[in-house]
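Presented below is the structure to which this report refers.
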Amino acid sequence: MKKATLLILLGIFLNTLSLAQAENDSVFLRKGRFTGVSILGGTAYVGGITGLYFLWYSGYEQSGFHTINDNAAWLQVDKLGHVLSSYQLANVAHMGFRWAGVNDNKAAWTGGAYGLLFLTTVEVFDGLSSNWGFSWGDVAANTAGSVLFTGQQLLWHEQRIQLKFSYSPTNFAALNPTVLGENHLERALKDYNGQTYWLSINPQSFAGDRKIFPKWLNIAVGYGATGMINTYNNHVNFPDYWDSNFQRIRQFYLSLDLDLTKIKTRSEFLQIIFRLANILKFPMPTLEYNAHDGVKFHVIYF
C-alpha cells in the first residue's frame with residue numbers, strides 16, 4: 001500500500017518538530033510542554049488524516065465498509081512499510097511526551113497507542129473505499145510495529161533493534177509507471193522493487209558493561225523483493241514474459257549498519273540531522289540471498 005510511505009514521511013516531519021522543540025529546554029514548564037505536545041499530536045492526527053483523505057481517497061468512489069485479504073500483495077514488502085510506519089509514529093510520540101516530562105513507561109504506551117490509532121483510522125478509510133478494503137493483514141503489521149517499539153522501551157528503555165529503510169532505483173518502474181511511479185520521487189514511494197526494510201540490531205547494547213563492539217555499529221538483516229510489475233502477479237500486464245523475464249523473487253540481506261544516534265557530538269544541529277537520517281540504512285558491504293541467484297555479494301548496497 002503506497003500510503004504507508006506517505007505515513008513514514010509524516011513521521012519524519014513530526015520527528016523534526018519534536019527534535020526542534022527538545023533543543024529549547026528552558027522555554028516551557030513541563031505542564032506547558034505536555035499541553036503543547038498534546039496539541040501538536042492531536043493537530044498532526046487530524047491534519048494528517050484530513051490531508052490523506054483529500055490527497056488519496058477523495059478521487060475514488062466510496063463504498064460500504066468491507067474487508068479484503070491482500071496478504072499476497074507485493075510479496076509482503078508493503079506490509080513491512082506498515083510495520084515501519086507504526087514503529088516510527090510510536091517513536092515520535094514517545095519522544096515528544098518524554099520531552100514533556102511523562103515517565104518512560106507511560107510515554108512508551110502512549111507512543112504505541114498513537115501509532116495504532118493513526119494507522120487504524122487509515123484502515124477504516126480503506127474499508128470505505130471501493131478501490132481498497134479494510135485489511136486485517138495491515139492491522140497485524142501496524143500492531144507489530146507498535147509492539148516492537150513499545151516492548152523494547154518497556155523492557156530496556158532504549159531501542160536496541162531499530163527498523164530502517166533503504167531504496168535504490170530499478171528498471172521495473174518504467175514498465176508500469178502508472179502503478180510504480182512516473183518520476184524519481186514517485187518511484188521512491190511506489191516502486192516496491194527498490195525498497196528494502198531492515199532490522200538493525202545494536203550488539204553492544206546486549207553486552208552489558210563489556211565493551212565488545214563500538215556503540216555505533218549495528219548488524220542489519222533486510223528483506224526486499226524484485227520482478228514485481230503489478231500488485232499480485234505480472235501476467236495481467238506482460239503475459240508473454242511471465243515465465244522468464246519477470247519472475248517475482250524474494251531477497252534476503254545481511255549487512256552492517258551505523259546507529260547515528262550513538263555518535264557523540266556537541267552540535268545540536270548534527271544531533272537533529274543524525275536522528276532524522278537514522279531511519280535510513282547506511283550503505284555498507286552486504287550479502288544477499290535469493291532463490292534465483294543464490295548468494296551474492298554487494299560491495300556497497302543501499
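So you can find residues: chains in the C-alpha cells are A, B, ... in the order shown, residues in each start at 1, and ligands are numbered from 1 in order.
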Who sits within 8 Å of Tyr289 (chain A), only C-alpha atoms, same chain under 3 positions skipped, as an mmCIF file with C-alpha atoms, in the first residue's frame:
data_model
loop_
_atom_site.group_PDB
_atom_site.id
_atom_site.type_symbol
_atom_site.label_atom_id
_atom_site.label_comp_id
_atom_site.auth_asym_id
_atom_site.auth_seq_id
_atom_site.Cartn_x
_atom_site.Cartn_y
_atom_site.Cartn_z
ATOM 1 C CA GLN A 251 15.535 -11.155 -1.425
ATOM 2 C CA PHE A 252 17.208 -11.547 1.981
ATOM 3 C CA TYR A 253 20.164 -9.468 3.157
ATOM 4 C CA ASP A 293 20.818 -16.365 -7.962
ATOM 5 C CA GLY A 294 21.776 -17.920 -4.641
ATOM 6 C CA VAL A 295 24.280 -15.902 -2.591
ATOM 7 C CA LYS A 296 25.510 -12.578 -3.983
#
Can you tell me, as a ChimeraX atom specification, what residues are no more than 9 Å from Arg250 (chain A) when counting only C-alpha atoms, ignoring any on the same chain fewer than 3 positions away?
/A:75,223-226,289-291
Selection above as a file: C-alpha atoms, as a short mmCIF file (atom, residue, chain, number, x, y, z; two decimals), in the first residue's frame:
data_model
loop_
_atom_site.label_atom_id
_atom_site.label_comp_id
_atom_site.auth_asym_id
_atom_site.auth_seq_id
_atom_site.Cartn_x
_atom_site.Cartn_y
_atom_site.Cartn_z
CA LEU A 75 5.37 -10.31 -1.78
CA TYR A 223 14.08 -8.10 3.24
CA GLY A 224 13.00 -6.97 -0.21
CA ALA A 225 11.68 -8.37 -3.48
CA THR A 226 12.15 -7.83 -7.21
CA TYR A 289 20.41 -14.44 -0.87
CA ASN A 290 17.60 -15.14 -3.30
CA ALA A 291 16.23 -18.37 -4.76
#
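CA of Leu217 (chain A) is positioned 8.0 Å from CA of Gln204 (chain A).
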Would you pick out the contacts of Thr121 (chain A) at 12 Å or less, using only C-alpha atoms, so that residues sharing its chain but fewer than 4 positions from it are not included, and give the list as an NGL selection string?
:A and (45-46 or 48-50 or 52-53 or 114-117 or 125-128 or 134-135 or 138-139 or 142)
Based on the selection just made, write C-alpha atoms of those residues as a PDB file, in the first residue's frame.
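The resulting part_0.pdb:
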ATOM      1  CA  TYR A  45      -3.518  13.349  13.706  1.00  0.00           C
ATOM      2  CA  VAL A  46      -6.431  15.473  12.464  1.00  0.00           C
ATOM      3  CA  GLY A  48      -2.606  14.125   8.668  1.00  0.00           C
ATOM      4  CA  ILE A  49      -5.811  12.117   8.347  1.00  0.00           C
ATOM      5  CA  THR A  50      -7.635  15.007   6.661  1.00  0.00           C
ATOM      6  CA  LEU A  52      -4.523  11.897   3.463  1.00  0.00           C
ATOM      7  CA  TYR A  53      -8.238  11.761   2.729  1.00  0.00           C
ATOM      8  CA  TYR A 114      -0.775   6.800  18.904  1.00  0.00           C
ATOM      9  CA  GLY A 115       0.747   4.831  16.039  1.00  0.00           C
ATOM     10  CA  LEU A 116      -2.054   2.263  16.139  1.00  0.00           C
ATOM     11  CA  LEU A 117      -4.776   4.927  16.318  1.00  0.00           C
ATOM     12  CA  PHE A 125     -10.788   4.786   5.228  1.00  0.00           C
ATOM     13  CA  ASP A 126      -9.591   1.835   3.149  1.00  0.00           C
ATOM     14  CA  GLY A 127     -12.653  -0.131   4.250  1.00  0.00           C
ATOM     15  CA  LEU A 128     -14.934   2.623   2.968  1.00  0.00           C
ATOM     16  CA  PHE A 134     -10.061  -2.960   5.480  1.00  0.00           C
ATOM     17  CA  SER A 135      -7.100  -5.342   5.682  1.00  0.00           C
ATOM     18  CA  ASP A 138      -2.312  -4.383   7.522  1.00  0.00           C
ATOM     19  CA  VAL A 139      -3.707  -4.227  11.067  1.00  0.00           C
ATOM     20  CA  ASN A 142       0.632  -1.955  12.231  1.00  0.00           C
TER      21      ASN A 142
END
Select from region 208-297 of chain A every residue with an atom at most 12 Å from any atom of region 86-96 of chain A, then for each give the shortest pair of atoms and their distance in Å to one decimal, using only C-alpha atoms, rows by chain and rising number, as a tab-separated table.
residue	atom	partner	partner_atom	distance
A:Arg275	CA	A:Val92	CA	10.9
A:Leu276	CA	A:Val92	CA	10.8
A:Asn278	CA	A:Gln88	CA	11.0
A:Ile279	CA	A:Gln88	CA	8.4
A:Leu280	CA	A:Gln88	CA	11.8
Would you export the selected residues with N, CA and C atoms as a PDB file, in the first residue's frame, please?
ATOM      1  N   ARG A 275      19.558  12.108  13.985  1.00  0.00           N
ATOM      2  CA  ARG A 275      18.309  11.459  14.399  1.00  0.00           C
ATOM      3  C   ARG A 275      17.381  11.261  13.201  1.00  0.00           C
ATOM      4  N   LEU A 276      17.298  12.250  12.341  1.00  0.00           N
ATOM      5  CA  LEU A 276      16.448  12.144  11.159  1.00  0.00           C
ATOM      6  C   LEU A 276      16.994  11.110  10.174  1.00  0.00           C
ATOM      7  N   ASN A 278      18.716   8.567  10.755  1.00  0.00           N
ATOM      8  CA  ASN A 278      18.839   7.213  11.299  1.00  0.00           C
ATOM      9  C   ASN A 278      17.709   6.286  10.867  1.00  0.00           C
ATOM     10  N   ILE A 279      16.676   6.847  10.245  1.00  0.00           N
ATOM     11  CA  ILE A 279      15.621   5.981   9.703  1.00  0.00           C
ATOM     12  C   ILE A 279      16.120   5.240   8.466  1.00  0.00           C
ATOM     13  N   LEU A 280      17.218   5.728   7.862  1.00  0.00           N
ATOM     14  CA  LEU A 280      17.755   5.134   6.646  1.00  0.00           C
ATOM     15  C   LEU A 280      18.903   4.190   6.981  1.00  0.00           C
TER      16      LEU A 280
END
Mind listing the strand (DSSP E) residues of region 97-292 of chain A, per DSSP on the backbone, as a PyMOL selection string?
chain A and resi 134-135+161-167+195-201+217-226+249-258+284-290
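Remark: for Gln162 (chain A), the closest of the candidate residues A:Val83, A:Ala44, A:Ile300, A:Ile272 is A:Val83 (distances computed over only C-alpha atoms).
Close contacts of Tyr301 (chain A), defined as residues with an atom at most 6 Å away when counting only C-alpha atoms, with chain neighbours fewer than 4 positions off set aside, comprise Pro283, Met284 and Thr286 of chain A.
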Residues from the last selection, C-alpha atoms, saved as a CSV table (one decimal), in the first residue's frame:
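The result, stored in result.csv:
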chain,number,residue,atom,x,y,z
A,283,PRO,CA,25.2,1.9,2.7
A,284,MET,CA,27.6,-0.9,3.6
A,286,THR,CA,26.1,-6.6,2.0
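What separates CA of Gly151 (chain A) from CA of Ala107 (chain A) is a distance of 12.0 Å.
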Could you give me, as a PyMOL selection string, the residues within 12 Å of Leu199 (chain A), counting only C-alpha atoms and dropping anything in the same chain fewer than 2 positions from it?
chain A and resi 80+83-84+87+145+148+159-166+196-197+201-202+218-223+252-257+259+279-281
Identify, with DSSP run on backbone atoms, the residues in region 35-221 of chain A assigned to helix (DSSP H, G or I), and express the list as an MDAnalysis selection string.
chainID A and resid 35:57 73:99 104:127 136:156 173:175 177:180 184:190 192:194 203:206
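Going from CA of Asp209 (chain A) over to CA of Phe282 (chain A), you cover 26.3 Å.
Closest approach to Phe118 (chain A) from the set A:Ser267, A:Gly47, A:Leu154, A:Pro285 is made by A:Gly47, with distances taken over only C-alpha atoms.
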All residues 9 Å or closer to Gly227 (chain A), only C-alpha atoms, same chain fewer than 2 positions away omitted, as an mmCIF file with N, CA and C atoms, in the first residue's frame:
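What follows is the written file result.cif:
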data_model
loop_
_atom_site.group_PDB
_atom_site.id
_atom_site.type_symbol
_atom_site.label_atom_id
_atom_site.label_comp_id
_atom_site.auth_asym_id
_atom_site.auth_seq_id
_atom_site.Cartn_x
_atom_site.Cartn_y
_atom_site.Cartn_z
ATOM 1 N N PHE A 172 12.149 -1.536 -13.297
ATOM 2 C CA PHE A 172 10.789 -2.057 -13.388
ATOM 3 C C PHE A 172 9.745 -0.946 -13.451
ATOM 4 N N ASN A 193 10.001 -2.746 -5.779
ATOM 5 C CA ASN A 193 11.186 -3.483 -6.218
ATOM 6 C C ASN A 193 12.471 -2.863 -5.676
ATOM 7 N N ALA A 225 12.132 -7.491 -2.402
ATOM 8 C CA ALA A 225 11.683 -8.368 -3.479
ATOM 9 C C ALA A 225 11.874 -7.640 -4.805
ATOM 10 N N ILE A 229 5.791 -6.319 -11.257
ATOM 11 C CA ILE A 229 5.251 -5.300 -12.153
ATOM 12 C C ILE A 229 3.874 -4.838 -11.710
ATOM 13 N N ASN A 234 2.308 -10.635 -12.484
ATOM 14 C CA ASN A 234 2.699 -9.846 -13.658
ATOM 15 C C ASN A 234 1.966 -10.258 -14.920
ATOM 16 N N ASN A 245 11.232 -13.456 -18.035
ATOM 17 C CA ASN A 245 11.848 -12.168 -17.771
ATOM 18 C C ASN A 245 11.482 -11.557 -16.424
ATOM 19 N N PHE A 246 10.282 -11.803 -15.946
ATOM 20 C CA PHE A 246 9.797 -11.085 -14.783
ATOM 21 C C PHE A 246 9.350 -12.038 -13.681
ATOM 22 N N GLN A 247 10.265 -12.800 -13.157
ATOM 23 C CA GLN A 247 9.956 -13.652 -12.018
ATOM 24 C C GLN A 247 9.955 -12.811 -10.744
ATOM 25 N N ARG A 248 8.967 -13.062 -9.923
ATOM 26 C CA ARG A 248 8.857 -12.343 -8.653
ATOM 27 C C ARG A 248 9.700 -13.095 -7.618
ATOM 28 N N ILE A 249 10.727 -12.422 -7.108
ATOM 29 C CA ILE A 249 11.747 -13.086 -6.296
ATOM 30 C C ILE A 249 11.913 -12.355 -4.969
#
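Around region 182-187 of chain A, within 10 Å and counting only C-alpha atoms, the residues found are Lys2, Tyr167, Ser168, Pro169, Thr170, Phe172, Ala173, Ala174, Asn176, Pro177, Thr178, Asp191, Tyr192, Asn193, Gly194 and Gln195 of chain A, once anything fewer than 4 positions away on its own chain is removed.
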